[in-house]
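The structure under discussion appears below in the form of structure tokens.
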Amino acid sequence: MQWFPESSSSRRLLPRSSLKTGEPGTSSPHGRTLMSLSKTLGPLVDFTDALSGEKYVSVSLVKPTLHLFNNSILADQNDDTDLSKSIKKKILDYLNEKYNDPPTQELLDIATALGPRFKMKYSSEVSQESVKARLTREMKEMTETPVMQMPAESDDTEEAKKKRRKKGLGSFFKVPEGTSPDGARPALHPDEAIALEPQAYLQAATLDTEEDPLEWWKQSPKFPKLSLLAKKYICVPATSASSERVFSTGGNIVTCLRASLMPDHVNRLVFLAKNLTLRNSVKVKDLSMHICFLF
């Protein structure tokens with residue numbers, strides 16, 4: 001679902017002079033109505049495009065965007081017409097009601113907290129404690145759940161490597177497992193480490209709003225368990241626009257001339273059309289023809 005209707009249609013109906021000066025091109029009610037629509041909906045187009053993307057993190061921007069709408073973008077201005085005020089109120093009422101249910105709020109709180117650009121900036125004090133408790137709980141569950149690992153190398157291979165490896169000076173200072181060197185702090189209990197990781201993350205400096213959260217998490221080895229939760233939550237798209245694009249791709253593949261494709265073949269063709277990168281850029285229809293021979 002796209003958040004807002006495009007205002008380009010109303011802008012095309014306005015004279016060019018009115019778009020430059022900001023004044024109605026005519027004194028008729030029709031001209032004033034178009035100008036009110038353009039002024040109210042115009043600033044929302046950029047937000048719609050940004051939140052509809054699928055190649056970058058968008059879900060952690062929902063709460064900051066709602067806060068910006070309520071306090072700035074869609075706030076009543078002195079020069080607003082009655083129509084503009086009515087449109088702004090209806091948009092805000094719709095969005096606030098849409099995202100006000102507890103499960104959605106909890107998801108947005110978690111996703112925003114795991115975004116290093118904002119963290120807890122837009123969460124209430126009550127929700128902050130709830131978010132911290134949920135992060136700790138899910139980190140514990142991840143620790144208790146066995147993780148699939150790659151098969152270990154055979155003992156013979158390990159022993160052969162140890163024999164070939166030249167003994168270095170550092171081996172004389174190696175501490176046996178289960179002990180700690182003199183003056184060093186003992187290893188933290190797993191529960192203590194889990195509790196400290198979110199605290200250290202929230203106290204760290206926030207990321208610039210123009211930077212990529214995914215790159216930040218890739219370069220943050222201090223938070224190994226939180227990074228796994230970040231992969232789980234911040235990959236959620238903010239809107240259904242990406243799903244709608246998949247349906248459009250499917251419509252371009254399953255045409256009247258190819259209506260007998262099996263469902264499994266359609267799924268594979270859609271997957272390839274959305275993910276296969278060719279050296280020369282081609283349209284989706286052409287791409288489907290390139291890969292149809294596979295099936």
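Identifiers in the structure tokens: chain A, B, ... in order shown; residue index from 1 per chain; ligand index from 1 in order shown.
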* To do: Please provide as a PyMOL selection string all residues within 12 Å of range 130-142 of chain A, with the sequence filter that same-chain residues fewer than 2 positions apart are discarded (counting only C-alpha atoms).
  => chain A and resi 102+105-114+119-120+123-128+144-148+190-202+223-230+232-233
With C-alpha atoms retained, write the just-selected residues as a short mmCIF file (atom, residue, chain, number, x, y, z; two decimals), in the first residue's frame.
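What landed in result-v8.cif:
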data_model
loop_
_atom_site.label_atom_id
_atom_site.label_comp_id
_atom_site.auth_asym_id
_atom_site.auth_seq_id
_atom_site.Cartn_x
_atom_site.Cartn_y
_atom_site.Cartn_z
CA PRO A 102 -0.30 -2.68 19.93
CA GLN A 105 3.53 -0.32 17.64
CA GLU A 106 5.66 -3.02 19.23
CA LEU A 107 7.15 -3.97 15.87
CA LEU A 108 7.89 -0.34 15.01
CA ASP A 109 9.45 0.27 18.44
CA ILE A 110 11.75 -2.73 18.04
CA ALA A 111 12.69 -1.90 14.45
CA THR A 112 13.36 1.75 15.28
CA ALA A 113 15.43 0.80 18.33
CA LEU A 114 17.55 -1.56 16.23
CA LYS A 119 17.32 4.07 18.52
CA MET A 120 14.90 5.10 21.33
CA SER A 123 9.75 5.83 21.89
CA SER A 124 7.95 6.71 25.09
CA GLU A 125 9.48 5.84 28.46
CA VAL A 126 7.02 2.99 28.93
CA SER A 127 7.72 1.50 25.52
CA GLN A 128 11.48 1.90 26.05
CA GLU A 144 19.30 -21.27 24.04
CA THR A 145 18.35 -22.27 20.50
CA PRO A 146 21.04 -24.43 18.88
CA VAL A 147 22.56 -22.82 15.80
CA MET A 148 23.47 -24.94 12.78
CA PRO A 190 25.94 -15.34 29.60
CA ASP A 191 22.94 -13.59 31.18
CA GLU A 192 25.12 -10.67 32.24
CA ALA A 193 26.62 -10.39 28.76
CA ILE A 194 23.16 -10.39 27.22
CA ALA A 195 21.98 -7.67 29.58
CA LEU A 196 25.04 -5.48 28.93
CA GLU A 197 24.95 -5.69 25.14
CA PRO A 198 21.73 -3.63 24.64
CA GLN A 199 22.92 -1.09 27.19
CA ALA A 200 26.23 -0.61 25.42
CA TYR A 201 24.44 -0.32 22.06
CA LEU A 202 21.98 2.30 23.28
CA PHE A 223 27.06 -6.50 19.31
CA PRO A 224 26.95 -10.05 17.89
CA LYS A 225 23.52 -11.01 19.23
CA LEU A 226 21.87 -7.67 18.56
CA SER A 227 23.12 -7.79 14.98
CA LEU A 228 21.18 -11.02 14.50
CA LEU A 229 18.03 -9.36 15.81
CA ALA A 230 18.67 -6.43 13.50
CA LYS A 232 15.39 -10.16 11.70
CA TYR A 233 13.54 -6.87 12.09
#
* To do: Could you check which of A:Val45, A:Val59, A:Leu261, A:Leu214 is closest to Val236 in chain A, using only C-alpha atoms?
  =>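 When distances to Val236 in chain A are compared using only C-alpha atoms, the smallest one comes from A:Val59.
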